[in-house]
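J.: Below is the structure I would like to discuss, written out as structure tokens.
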Amino acid sequence: MTFETVAIIGAGTMGSGIATNIAQHGINVRMVDISDEAVERAIATVGGFYDRNAEKGRMSAEDAAAAKARLSGGTDIGLAGSADLVIEAVFERFDLKEELFGRLNPVLNDATVVATNTSCLTVSGLAEAVNDPTRFLGLHYFNPAAINPIVEVVRGERTAQDIIERCVEFCRATSKKPILCKDSYGFALNRFFCPYSNEAVRLLEEDLGSPAQIDRVAQETLGIAAGPFLVMNLVGMQTMAHAAANLEPHGPFYAPSAKVKEMGESNGKWEIGEAPAPDADADAKIADRLWGAMFLPVLQELDEDVASPAEIDMGAGLALRFGKAPCATMDAMGRDEVSRIIGYYCETYSIEAPKSLSKIGSLIG
Ligand SMILES: NC(=O)c1ccc[n+]([C@@H]2O[C@H](COP(=O)([O-])OP(=O)(O)OC[C@H]3O[C@@H](n4cnc5c(N)ncnc54)[C@H](O)[C@@H]3O)[C@@H](O)[C@H]2O)c1
């Protein structure tokens with residue numbers, strides 16, 4: 001086993017989901033939060049998950065009891081001192097995470113590996129706050145972390161190779177599928193998932209479709225169970241707008257649309273309503289725009305070596321539940337068709353055609 005004891009700092013949505021995953025794999029978990037109530041709630045949530053799984057026959061009652069016994073926690077950061085791995089999952093604020101690492105540094109031993117579950121900050125930026133950046137990396141879980149199989153393993157500028165290897169092994173030992181990523185805003189998956197959602201809203205702003213119509217076209221063309229507007233309602237517009245804004249350093253194409261910003265500020269919900277009858281021309285236009293808003297960022301991240309085509313596709317399928325994955329779809333469509341589809345974005349935002357266009361046809365194996 002790569003790590004025997006894992007401390008999770010921040011016992012909220014992600015912390016409790018990650019704890020659920022880890023403790024059922026024979027690993028001791030210490031949960032640390034600023035609030036006793038949060039720790040108690042997290043331990044109760046995790047225990048409830050195991051109990052329900054035992055009732056449904058997904059795990060034995062003995063395994064559920066053993067997993068529960070591996071969980072402990074409190075508000076004392078010293079609880080992280082005996083951990084082999086610390087996973088930070090506190091609120092998404094640089095100053096807060098920085099302050100936390102400052103308090104964590106004297107508590108940890110020389111061998112402890114430290115990971116952040118940040119979605120929007122860079123690993124290399126946060127690495128400045130830890131004692132040893134060579135033992136620091138991103139372990140980006142997806143919500144709900146108890147069951148979503150994907151973890152992005154993010155290498156900071158100074159992360160040591162053996163630390164990456166140990167964490168990849170740890171992910172596999174806890175039934176997760178790791179995606180190796182470079183430290184780049186959006187990592188491998190939010191890099192295209194956010195622009196795709198943002199583009200759905202731009203289509204609405206341009207009066208090219210209603211939310212229900214855009215959701216229906218997305219379901220039909222991408223083979224997904226839920227369209228972008230329904231997913232945005234589930235995730236929450238504040239989170240979506242924040243995630244989209246985080247990608248802005250990649251260029252204006254990534255910037256959140258006016259309505260995304262507005263809905264983010266009010267944390268509003270989209271009124272989805274009924275989809276109109278299919279309209280071949282209008283639907284084809286929507287499909288092109290949604291594909292293009294995924295293809296362009298995927299090609300750009302391939303140019304930047306953020307992640308491999310196979311791992312991007314695996315994440316699209318398993319973490320985001322896209323029935324059709326972007327790289328395999330580009331291979332099937334061919335270079336000319338993909339060039340046509342992304343041409344709209346290259347022209348509108350003065351973006352140079354990605355070099356990886358030339359590899360279409362053999363992106364996947
Ligand atoms: N929610 C998601 O869908 C999602 C997905 C992937 C990654 N993330 C990332 O995971 C992290 C946590 O997100 P979340 O949704 O679980 O947040 P959350 O608000 O549900 O939980 C955060 C927890 O951190 C605790 N906390 C705050 N400051 C602390 C400190 N100094 N020390 C100890 N505990 C502290 C809070 O009391 C709270 O219980 C963020 O970095 C977020 O970007 C979130």
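Residue numbering restarts at 1 in every chain; chains get A, B, ... in the order shown in the structure tokens, and ligands count up from 1 in that same order.
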What's the 10 Å shell around range 327-338 of chain A, counting only C-alpha atoms, without same-chain residues fewer than 6 positions away, as a PyMOL selection string?
T.: chain A and resi 222+288+291-292+294-296+298-299+302+308-314+316+356-365
J.: Between chain A and ligand 1, at 9 Å or less, what are the per-residue closest atom pairs and their distances in Å? Count only C-alpha atoms and all ligand atoms, order by chain and rising residue number, and return it as JSON lines.
T.:
```
{"residue": "A:Ile8", "atom": "CA", "partner": "ligand 1", "partner_atom_place_in_ligand_line": "33 (C)", "distance": 8.9}
{"residue": "A:Ile9", "atom": "CA", "partner": "ligand 1", "partner_atom_place_in_ligand_line": "33 (C)", "distance": 5.2}
{"residue": "A:Gly10", "atom": "CA", "partner": "ligand 1", "partner_atom_place_in_ligand_line": "24 (O)", "distance": 3.5}
{"residue": "A:Ala11", "atom": "CA", "partner": "ligand 1", "partner_atom_place_in_ligand_line": "39 (O)", "distance": 4.5}
{"residue": "A:Gly12", "atom": "CA", "partner": "ligand 1", "partner_atom_place_in_ligand_line": "21 (O)", "distance": 3.3}
{"residue": "A:Thr13", "atom": "CA", "partner": "ligand 1", "partner_atom_place_in_ligand_line": "16 (O)", "distance": 3.8}
{"residue": "A:Met14", "atom": "CA", "partner": "ligand 1", "partner_atom_place_in_ligand_line": "16 (O)", "distance": 3.6}
{"residue": "A:Gly15", "atom": "CA", "partner": "ligand 1", "partner_atom_place_in_ligand_line": "16 (O)", "distance": 5.5}
{"residue": "A:Ser16", "atom": "CA", "partner": "ligand 1", "partner_atom_place_in_ligand_line": "16 (O)", "distance": 7.6}
{"residue": "A:Gly17", "atom": "CA", "partner": "ligand 1", "partner_atom_place_in_ligand_line": "16 (O)", "distance": 8.3}
{"residue": "A:Val32", "atom": "CA", "partner": "ligand 1", "partner_atom_place_in_ligand_line": "33 (C)", "distance": 5.8}
{"residue": "A:Asp33", "atom": "CA", "partner": "ligand 1", "partner_atom_place_in_ligand_line": "34 (N)", "distance": 3.6}
{"residue": "A:Ile34", "atom": "CA", "partner": "ligand 1", "partner_atom_place_in_ligand_line": "33 (C)", "distance": 4.5}
{"residue": "A:Ser35", "atom": "CA", "partner": "ligand 1", "partner_atom_place_in_ligand_line": "37 (O)", "distance": 5.6}
{"residue": "A:Asp36", "atom": "CA", "partner": "ligand 1", "partner_atom_place_in_ligand_line": "37 (O)", "distance": 8.8}
{"residue": "A:Glu37", "atom": "CA", "partner": "ligand 1", "partner_atom_place_in_ligand_line": "39 (O)", "distance": 8.7}
{"residue": "A:Ala38", "atom": "CA", "partner": "ligand 1", "partner_atom_place_in_ligand_line": "39 (O)", "distance": 5.2}
{"residue": "A:Val39", "atom": "CA", "partner": "ligand 1", "partner_atom_place_in_ligand_line": "39 (O)", "distance": 7.5}
{"residue": "A:Ala42", "atom": "CA", "partner": "ligand 1", "partner_atom_place_in_ligand_line": "39 (O)", "distance": 8.5}
{"residue": "A:Thr75", "atom": "CA", "partner": "ligand 1", "partner_atom_place_in_ligand_line": "33 (C)", "distance": 7.4}
{"residue": "A:Ile77", "atom": "CA", "partner": "ligand 1", "partner_atom_place_in_ligand_line": "32 (N)", "distance": 7.9}
{"residue": "A:Glu88", "atom": "CA", "partner": "ligand 1", "partner_atom_place_in_ligand_line": "11 (C)", "distance": 7.4}
{"residue": "A:Ala89", "atom": "CA", "partner": "ligand 1", "partner_atom_place_in_ligand_line": "11 (C)", "distance": 4.0}
{"residue": "A:Val90", "atom": "CA", "partner": "ligand 1", "partner_atom_place_in_ligand_line": "24 (O)", "distance": 3.5}
{"residue": "A:Phe91", "atom": "CA", "partner": "ligand 1", "partner_atom_place_in_ligand_line": "22 (C)", "distance": 4.6}
{"residue": "A:Glu92", "atom": "CA", "partner": "ligand 1", "partner_atom_place_in_ligand_line": "41 (O)", "distance": 4.0}
{"residue": "A:Arg93", "atom": "CA", "partner": "ligand 1", "partner_atom_place_in_ligand_line": "41 (O)", "distance": 7.3}
{"residue": "A:Leu96", "atom": "CA", "partner": "ligand 1", "partner_atom_place_in_ligand_line": "31 (N)", "distance": 6.0}
{"residue": "A:Lys97", "atom": "CA", "partner": "ligand 1", "partner_atom_place_in_ligand_line": "31 (N)", "distance": 6.8}
{"residue": "A:Glu99", "atom": "CA", "partner": "ligand 1", "partner_atom_place_in_ligand_line": "31 (N)", "distance": 7.3}
{"residue": "A:Leu100", "atom": "CA", "partner": "ligand 1", "partner_atom_place_in_ligand_line": "31 (N)", "distance": 5.3}
{"residue": "A:Phe101", "atom": "CA", "partner": "ligand 1", "partner_atom_place_in_ligand_line": "31 (N)", "distance": 9.0}
{"residue": "A:Thr116", "atom": "CA", "partner": "ligand 1", "partner_atom_place_in_ligand_line": "41 (O)", "distance": 7.4}
{"residue": "A:Asn117", "atom": "CA", "partner": "ligand 1", "partner_atom_place_in_ligand_line": "10 (O)", "distance": 5.0}
{"residue": "A:Thr118", "atom": "CA", "partner": "ligand 1", "partner_atom_place_in_ligand_line": "41 (O)", "distance": 3.8}
{"residue": "A:Ser119", "atom": "CA", "partner": "ligand 1", "partner_atom_place_in_ligand_line": "43 (O)", "distance": 4.4}
{"residue": "A:Cys120", "atom": "CA", "partner": "ligand 1", "partner_atom_place_in_ligand_line": "43 (O)", "distance": 6.2}
{"residue": "A:Leu121", "atom": "CA", "partner": "ligand 1", "partner_atom_place_in_ligand_line": "41 (O)", "distance": 8.1}
{"residue": "A:His140", "atom": "CA", "partner": "ligand 1", "partner_atom_place_in_ligand_line": "7 (C)", "distance": 6.0}
{"residue": "A:Tyr141", "atom": "CA", "partner": "ligand 1", "partner_atom_place_in_ligand_line": "6 (C)", "distance": 5.4}
{"residue": "A:Phe142", "atom": "CA", "partner": "ligand 1", "partner_atom_place_in_ligand_line": "6 (C)", "distance": 4.9}
{"residue": "A:Asn143", "atom": "CA", "partner": "ligand 1", "partner_atom_place_in_ligand_line": "3 (O)", "distance": 4.7}
{"residue": "A:Pro144", "atom": "CA", "partner": "ligand 1", "partner_atom_place_in_ligand_line": "3 (O)", "distance": 7.3}
{"residue": "A:Ala145", "atom": "CA", "partner": "ligand 1", "partner_atom_place_in_ligand_line": "5 (C)", "distance": 8.0}
{"residue": "A:Val235", "atom": "CA", "partner": "ligand 1", "partner_atom_place_in_ligand_line": "3 (O)", "distance": 7.0}
{"residue": "A:Thr239", "atom": "CA", "partner": "ligand 1", "partner_atom_place_in_ligand_line": "3 (O)", "distance": 7.8}
{"residue": "A:Ala243", "atom": "CA", "partner": "ligand 1", "partner_atom_place_in_ligand_line": "43 (O)", "distance": 8.6}
```
J.: Got a sec: who's within 6 Å of range 245-258 of chain A, counting only C-alpha atoms, leaving out chain neighbours fewer than 2 positions off, as a ChimeraX atom specification?
T.: /A:120,185,195,242-243,260-261
J.: Considering only C-alpha atoms, return as a PyMOL selection string whatever protein or nucleic-acid residues lie within 9 Å of Leu180 in chain A, sequence-local ones (same chain, fewer than 6 positions apart) excluded.
T.: chain A and resi 151-155+164+168+188+306-308+311
J.: Write the residues of the selection above to a file with C-alpha atoms, as an mmCIF file, in the first residue's frame.
T.:
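The resulting file, result_15.cif, is reproduced below:
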```cif
data_model
loop_
_atom_site.group_PDB
_atom_site.id
_atom_site.type_symbol
_atom_site.label_atom_id
_atom_site.label_comp_id
_atom_site.auth_asym_id
_atom_site.auth_seq_id
_atom_site.Cartn_x
_atom_site.Cartn_y
_atom_site.Cartn_z
ATOM 1 C CA VAL A 151 -8.657 11.855 -10.403
ATOM 2 C CA GLU A 152 -6.413 14.335 -12.224
ATOM 3 C CA VAL A 153 -2.866 13.901 -10.919
ATOM 4 C CA VAL A 154 -1.331 17.314 -11.477
ATOM 5 C CA ARG A 155 2.401 17.818 -11.622
ATOM 6 C CA ILE A 164 3.722 11.383 -9.075
ATOM 7 C CA VAL A 168 -0.776 7.259 -9.420
ATOM 8 C CA ALA A 188 -7.282 18.299 -18.613
ATOM 9 C CA VAL A 306 -1.394 18.988 -20.783
ATOM 10 C CA ALA A 307 -2.644 15.398 -21.019
ATOM 11 C CA SER A 308 -2.739 12.560 -23.537
ATOM 12 C CA GLU A 311 -6.663 10.115 -20.964
#
```
J.: Just want the 12 Å neighbourhood of Asn53 in chain A, counted on only C-alpha atoms, with same-chain residues fewer than 3 positions away dropped. Output as number ranges by chain.
T.: A: 20, 24, 46-50, 56-65, 67, 146-147
J.: Residues as selected, N, CA and C atoms, written as a compact mmCIF listing (two decimals), in the first residue's frame, can you do that?
T.:
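What ended up in result25.txt:
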```txt
# COMPACT_ATOMS: atom_id res chain seq x y z
N THR A 20 -14.72 9.00 1.90
CA THR A 20 -15.56 7.82 1.64
C THR A 20 -14.81 6.83 0.74
N GLN A 24 -12.64 3.04 2.59
CA GLN A 24 -13.13 1.69 2.26
C GLN A 24 -12.06 0.87 1.55
N VAL A 46 -20.19 9.88 5.65
CA VAL A 46 -19.41 8.75 5.13
C VAL A 46 -19.99 7.43 5.69
N GLY A 47 -20.27 7.42 7.00
CA GLY A 47 -20.83 6.22 7.63
C GLY A 47 -22.17 5.84 7.00
N GLY A 48 -22.99 6.86 6.73
CA GLY A 48 -24.30 6.61 6.12
C GLY A 48 -24.14 5.99 4.73
N PHE A 49 -23.13 6.44 3.99
CA PHE A 49 -22.86 5.90 2.65
C PHE A 49 -22.53 4.41 2.76
N TYR A 50 -21.66 4.06 3.72
CA TYR A 50 -21.28 2.65 3.89
C TYR A 50 -22.50 1.82 4.32
N LYS A 56 -27.69 -2.49 0.66
CA LYS A 56 -27.96 -2.86 -0.74
C LYS A 56 -27.09 -4.03 -1.20
N GLY A 57 -26.28 -4.56 -0.30
CA GLY A 57 -25.44 -5.72 -0.64
C GLY A 57 -24.21 -5.37 -1.45
N ARG A 58 -23.86 -4.05 -1.51
CA ARG A 58 -22.67 -3.65 -2.29
C ARG A 58 -21.39 -3.84 -1.50
N MET A 59 -21.52 -3.92 -0.18
CA MET A 59 -20.37 -4.26 0.67
C MET A 59 -20.92 -5.02 1.88
N SER A 60 -20.06 -5.82 2.51
CA SER A 60 -20.54 -6.59 3.66
C SER A 60 -20.66 -5.67 4.87
N ALA A 61 -21.48 -6.09 5.84
CA ALA A 61 -21.65 -5.29 7.06
C ALA A 61 -20.31 -5.18 7.79
N GLU A 62 -19.49 -6.24 7.71
CA GLU A 62 -18.17 -6.22 8.39
C GLU A 62 -17.26 -5.18 7.71
N ASP A 63 -17.28 -5.17 6.38
CA ASP A 63 -16.43 -4.20 5.67
C ASP A 63 -16.88 -2.77 5.96
N ALA A 64 -18.20 -2.59 6.04
CA ALA A 64 -18.72 -1.25 6.34
C ALA A 64 -18.27 -0.81 7.73
N ALA A 65 -18.35 -1.74 8.69
CA ALA A 65 -17.95 -1.40 10.07
C ALA A 65 -16.45 -1.12 10.12
N ALA A 67 -14.53 -0.04 7.67
CA ALA A 67 -14.25 1.24 7.00
C ALA A 67 -14.59 2.40 7.94
N ALA A 146 -16.91 10.24 -3.93
CA ALA A 146 -17.05 8.86 -3.43
C ALA A 146 -17.17 7.89 -4.59
N ILE A 147 -17.80 8.33 -5.69
CA ILE A 147 -18.06 7.38 -6.78
C ILE A 147 -17.50 7.80 -8.14
```
J.: In Å to one decimal, how far is CA of Asp84 in chain A from CA of Leu137 in chain A?
T.: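 According to the coordinates, CA of Leu137 in chain A and CA of Asp84 in chain A are separated by 13.9 Å.
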J.: Can you tell me, as a PyMOL selection string, which residues in range 106-288 of chain A count as strand (DSSP E) by DSSP?
T.: chain A and resi 113-116+136-141+150-155+177-182
J.: Store the residues picked out above in a file with N, CA and C atoms, as a compact mmCIF listing (two decimals), in the first residue's frame.
T.:
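After the write, again-v3.txt holds the following:
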```txt
# COMPACT_ATOMS: atom_id res chain seq x y z
N VAL A 113 3.64 13.43 1.88
CA VAL A 113 3.29 13.97 0.57
C VAL A 113 2.08 14.88 0.77
N VAL A 114 2.09 16.04 0.14
CA VAL A 114 0.99 16.99 0.32
C VAL A 114 0.33 17.24 -1.03
N ALA A 115 -1.01 17.12 -1.05
CA ALA A 115 -1.77 17.32 -2.30
C ALA A 115 -2.83 18.37 -2.08
N THR A 116 -3.17 19.07 -3.17
CA THR A 116 -4.30 20.00 -3.12
C THR A 116 -5.38 19.51 -4.08
N PHE A 136 4.87 18.00 -3.39
CA PHE A 136 3.56 18.65 -3.48
C PHE A 136 3.00 18.49 -4.89
N LEU A 137 1.71 18.17 -4.97
CA LEU A 137 1.07 17.98 -6.28
C LEU A 137 -0.42 18.24 -6.18
N GLY A 138 -1.11 18.17 -7.30
CA GLY A 138 -2.57 18.27 -7.29
C GLY A 138 -3.17 16.88 -7.40
N LEU A 139 -4.16 16.60 -6.55
CA LEU A 139 -4.99 15.40 -6.74
C LEU A 139 -6.40 15.96 -6.88
N HIS A 140 -6.84 16.10 -8.12
CA HIS A 140 -8.12 16.77 -8.38
C HIS A 140 -9.20 15.72 -8.59
N TYR A 141 -10.02 15.56 -7.53
CA TYR A 141 -11.13 14.62 -7.58
C TYR A 141 -12.34 15.32 -8.20
N ILE A 150 -12.66 9.30 -11.68
CA ILE A 150 -11.47 10.01 -12.21
C ILE A 150 -10.79 10.90 -11.16
N VAL A 151 -9.45 10.88 -11.17
CA VAL A 151 -8.66 11.86 -10.40
C VAL A 151 -7.57 12.41 -11.34
N GLU A 152 -7.51 13.74 -11.46
CA GLU A 152 -6.41 14.33 -12.22
C GLU A 152 -5.21 14.45 -11.29
N VAL A 153 -4.11 13.86 -11.71
CA VAL A 153 -2.87 13.90 -10.92
C VAL A 153 -2.01 14.99 -11.56
N VAL A 154 -1.90 16.12 -10.85
CA VAL A 154 -1.33 17.31 -11.48
C VAL A 154 0.09 17.56 -10.98
N ARG A 155 0.99 17.58 -11.94
CA ARG A 155 2.40 17.82 -11.62
C ARG A 155 2.69 19.32 -11.58
N LYS A 177 -9.19 6.12 -11.46
CA LYS A 177 -8.43 6.12 -12.71
C LYS A 177 -7.71 7.47 -12.82
N PRO A 178 -6.39 7.47 -12.68
CA PRO A 178 -5.66 8.74 -12.72
C PRO A 178 -5.48 9.26 -14.15
N ILE A 179 -5.55 10.58 -14.27
CA ILE A 179 -5.19 11.26 -15.53
C ILE A 179 -4.00 12.13 -15.20
N LEU A 180 -2.89 11.88 -15.85
CA LEU A 180 -1.69 12.69 -15.59
C LEU A 180 -1.80 14.02 -16.32
N CYS A 181 -1.63 15.11 -15.59
CA CYS A 181 -1.83 16.43 -16.18
C CYS A 181 -0.67 17.35 -15.88
N LYS A 182 -0.47 18.27 -16.81
CA LYS A 182 0.41 19.41 -16.54
C LYS A 182 -0.38 20.44 -15.75
```
J.: Could you tell me which of A:Ala83, A:Leu189, A:Leu230, A:Ala212 comes closest to Ala111 in chain A if we count only C-alpha atoms?
T.: A:Ala83
J.: Running DSSP on the backbone, which parts of range 141-203 of chain A land in helix (DSSP H, G or I), as a PyMOL selection string?
T.: chain A and resi 161-173+190-203
J.: What is the CA of Arg340 in chain A to CA of Thr221 in chain A distance in Å?
T.: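 A separation of 17.0 Å between them.
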J.: At a cut-off of 8 Å, using only C-alpha atoms, what residues contact Gly209 in chain A? Leave out same-chain residues fewer than 5 positions from it and give the result as a list in words.
T.: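 The neighbour list is Leu203, Leu204, Ile214, Ala282 and Ile286 of chain A.
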J.: Restrict the selected residues to C-alpha atoms and save them as a short mmCIF file (atom, residue, chain, number, x, y, z; two decimals), in the first residue's frame.
T.:
```cif
data_model
loop_
_atom_site.label_atom_id
_atom_site.label_comp_id
_atom_site.auth_asym_id
_atom_site.auth_seq_id
_atom_site.Cartn_x
_atom_site.Cartn_y
_atom_site.Cartn_z
CA LEU A 203 -25.85 30.31 -28.19
CA LEU A 204 -28.75 31.40 -25.99
CA ILE A 214 -29.55 23.29 -26.84
CA ALA A 282 -30.78 25.30 -36.40
CA ILE A 286 -25.90 24.36 -32.38
#
```
J.: Using CA of Ala293 in chain A and CA of Tyr345 in chain A as the two end points, give the distance in Å to one decimal.
T.: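 Here the two named atoms are 7.8 Å from each other.
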